[in-house]
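Some notes on the structure that comes next.
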Amino acid sequence: MSRRRKRLTAAVIVVVIVVIAAVAIALTVLGKETRRRVLFATHPIQYAEYVEEYSAEYGLDKYLLYAFIKTESGFDPDAVSDTGARGLMQLMETTFDWVKFRLGDGDEVVYDDMFDPEMNIRYGAYLVSYLLGRFGSTDTAAAAYFSGVGEVSGWLENSEYSEDGVHLDKIPSRNCAHYVSKIQNALSVYTELYAEERTD
């Protein structure tokens with residue numbers, strides 16, 4: 001092979017390597033951008049006025065509140081579960097009655113008000129705040145939101161599920177464990193997308 005042909009072949013190889021590297025970088029960038037677009041679409045910011053107000057009032061991370069709303073209802077204020085839970089944060093009537101009593105609301109507030117986004121977020125935010133105060137961690141509070149305070153308290157007393165009586169090392173309910181994982185994931189995504197966006 002002539003010297004000229006060798007140089008040409010080497011130049012072609014260099015060009016091919018540069019093109020492949022450029023395509024790989026472009027695909028990586030496009031992949032990240034596509035992922036972000038999908039996450040923005042599936043993790044929206046809605047009812048921001050109420051989320052901001054009641055997360056501040058009850059000392060909550062607003063992204064945690066968004067994570068609960070996304071997980072519970074997908075931001076559908078008219079959502080009703082198979083068990084009858086209502087609204088954005090899917091509150092059962094017994095839970096509504098308890099929160100209503102704790103907040104000191106009068107007879108003018110009724111369970112149908114849980115279809116009102118502001119009222120539902122206010123009640124749900126209070127409940128999440130209470131559970132965080134009682135159990136001390138997001139995971140355990142989320143478990144109690146899903147399975148109930150009594151159930152989670154029982155798990156914490158069982159050394160099979162909790163070594164220290166404060167944190168759940170194992171959640172015996174598969175559905176509850178899945179729910180807690182969904183809250184964790186949603187919180188992580190909201191924090192990544194919107195806290196990062198604010199500093200960009």
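So you can find residues: chains in the structure tokens are A, B, ... in the order shown, residues in each start at 1, and ligands are numbered from 1 in order.
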
Which residues of segment 77-109 of chain A have any atom within 10 Å of an atom in segment 59-70 of chain A when counting only C-alpha atoms, and what is the closest pair of atoms for each, with the distance in Å to one decimal? Order the rows by chain and rising number and write it as a Markdown table.
| residue | atom | partner | partner_atom | distance |
| --- | --- | --- | --- | --- |
| A:Pro77 | CA | A:Ile69 | CA | 9.5 |
| A:Gly87 | CA | A:Ile69 | CA | 9.2 |
| A:Leu88 | CA | A:Ile69 | CA | 5.6 |
| A:Met89 | CA | A:Ile69 | CA | 5.2 |
| A:Gln90 | CA | A:Ile69 | CA | 8.3 |

Keeping N, CA, C and O atoms for every residue in the selection just given, could you write it to a file as a PDB file, in the first residue's frame?
ATOM      1  N   PRO A  77     -58.838  15.837  40.588  1.00  0.00           N
ATOM      2  CA  PRO A  77     -59.558  16.250  41.794  1.00  0.00           C
ATOM      3  C   PRO A  77     -60.852  15.479  42.020  1.00  0.00           C
ATOM      4  O   PRO A  77     -61.401  15.477  43.123  1.00  0.00           O
ATOM      5  N   GLY A  87     -60.715  12.598  45.977  1.00  0.00           N
ATOM      6  CA  GLY A  87     -59.955  13.793  45.654  1.00  0.00           C
ATOM      7  C   GLY A  87     -58.481  13.591  45.388  1.00  0.00           C
ATOM      8  O   GLY A  87     -57.987  12.475  45.254  1.00  0.00           O
ATOM      9  N   LEU A  88     -57.791  14.709  45.316  1.00  0.00           N
ATOM     10  CA  LEU A  88     -56.373  14.727  44.927  1.00  0.00           C
ATOM     11  C   LEU A  88     -55.502  13.849  45.817  1.00  0.00           C
ATOM     12  O   LEU A  88     -54.602  13.174  45.344  1.00  0.00           O
ATOM     13  N   MET A  89     -55.770  13.892  47.134  1.00  0.00           N
ATOM     14  CA  MET A  89     -54.928  13.143  48.069  1.00  0.00           C
ATOM     15  C   MET A  89     -55.638  11.925  48.639  1.00  0.00           C
ATOM     16  O   MET A  89     -55.184  11.301  49.590  1.00  0.00           O
ATOM     17  N   GLN A  90     -56.768  11.582  48.006  1.00  0.00           N
ATOM     18  CA  GLN A  90     -57.485  10.336  48.293  1.00  0.00           C
ATOM     19  C   GLN A  90     -57.732  10.102  49.785  1.00  0.00           C
ATOM     20  O   GLN A  90     -57.211   9.146  50.384  1.00  0.00           O
TER      21      GLN A  90
END

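Counting only C-alpha atoms, segment 178-180 of chain A has the following residues at most 8 Å away, ignoring those fewer than 4 positions along the same chain: Asp139, Ala142, Ala143, Phe146, Arg174 and Gln184 of chain A.
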
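Residues surrounding segment 81-86 of chain A within 10 Å are Glu72, Ser73, Met92, Glu93, Thr94, Thr95, Phe96, Tyr111, Asp112, Asp113, Met114, Phe115, Asp116 and Asn120 of chain A [only C-alpha atoms; sequence separation below 6 positions excluded].
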
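What separates atom CA of Thr138 of chain A from atom CA of Glu160 of chain A is a distance of 20.4 Å.
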
- Query: Looking at A:Leu103, A:Val189, A:Ile17, A:Ile121, which one is nearest to Tyr47 of chain A, with distances taken over only C-alpha atoms?
  - Reply: A:Ile121

- What lies within 12 Å of Glu49 of chain A using only C-alpha atoms, ignoring chain neighbours under 2 positions off, as number ranges by chain? A: 45-47, 51-56, 62, 66, 117-118, 121-122

Take the residues from that selection and write them out as an mmCIF file, in the first residue's frame, keeping C-alpha atoms.
data_model
loop_
_atom_site.group_PDB
_atom_site.id
_atom_site.type_symbol
_atom_site.label_atom_id
_atom_site.label_comp_id
_atom_site.auth_asym_id
_atom_site.auth_seq_id
_atom_site.Cartn_x
_atom_site.Cartn_y
_atom_site.Cartn_z
ATOM 1 C CA ILE A 45 -46.783 21.027 38.850
ATOM 2 C CA GLN A 46 -50.502 21.676 39.352
ATOM 3 C CA TYR A 47 -52.462 23.451 42.086
ATOM 4 C CA VAL A 51 -49.426 23.288 47.523
ATOM 5 C CA GLU A 52 -47.194 26.273 48.263
ATOM 6 C CA GLU A 53 -49.591 27.662 50.880
ATOM 7 C CA TYR A 54 -50.252 24.476 52.827
ATOM 8 C CA SER A 55 -46.763 22.998 52.568
ATOM 9 C CA ALA A 56 -45.506 26.233 54.119
ATOM 10 C CA LYS A 62 -43.652 21.001 48.738
ATOM 11 C CA TYR A 66 -46.636 16.892 44.915
ATOM 12 C CA PRO A 117 -58.689 20.931 45.374
ATOM 13 C CA GLU A 118 -57.870 23.525 48.029
ATOM 14 C CA ILE A 121 -54.736 19.645 49.734
ATOM 15 C CA ARG A 122 -55.224 21.435 53.055
#

- Spatial neighbours of Val152 of chain A, 10 Å, only C-alpha atoms, chain gap at least 2 places, as an MDAnalysis selection string: chainID A and resid 135 140:150 154:158 161 168 171:172

- Message: Please list as a count of residues only every residue within 12 Å of Val38 of chain A, counting only C-alpha atoms and excluding residues in the same chain fewer than 6 positions away.
- Response: 5

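As for atom CA of Glu163 of chain A and atom CA of Ser188 of chain A, they are spaced 26.1 Å apart.
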
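Reported to one decimal place, the separation of atom CA of Leu127 of chain A from atom CA of Leu39 of chain A is 26.9 Å.
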
- Go through A:Tyr58, A:Thr71, A:Val109, A:Phe40 and flag the residue nearest Leu187 of chain A, using only C-alpha atoms for the distances. A:Thr71

- Which residues in chain A does DSSP call helix (DSSP H, G or I)? List them as a PyMOL selection string. chain A and resi 3-42+48-57+62-73+93-103+111-115+117-135+138-147+149-157+174-199
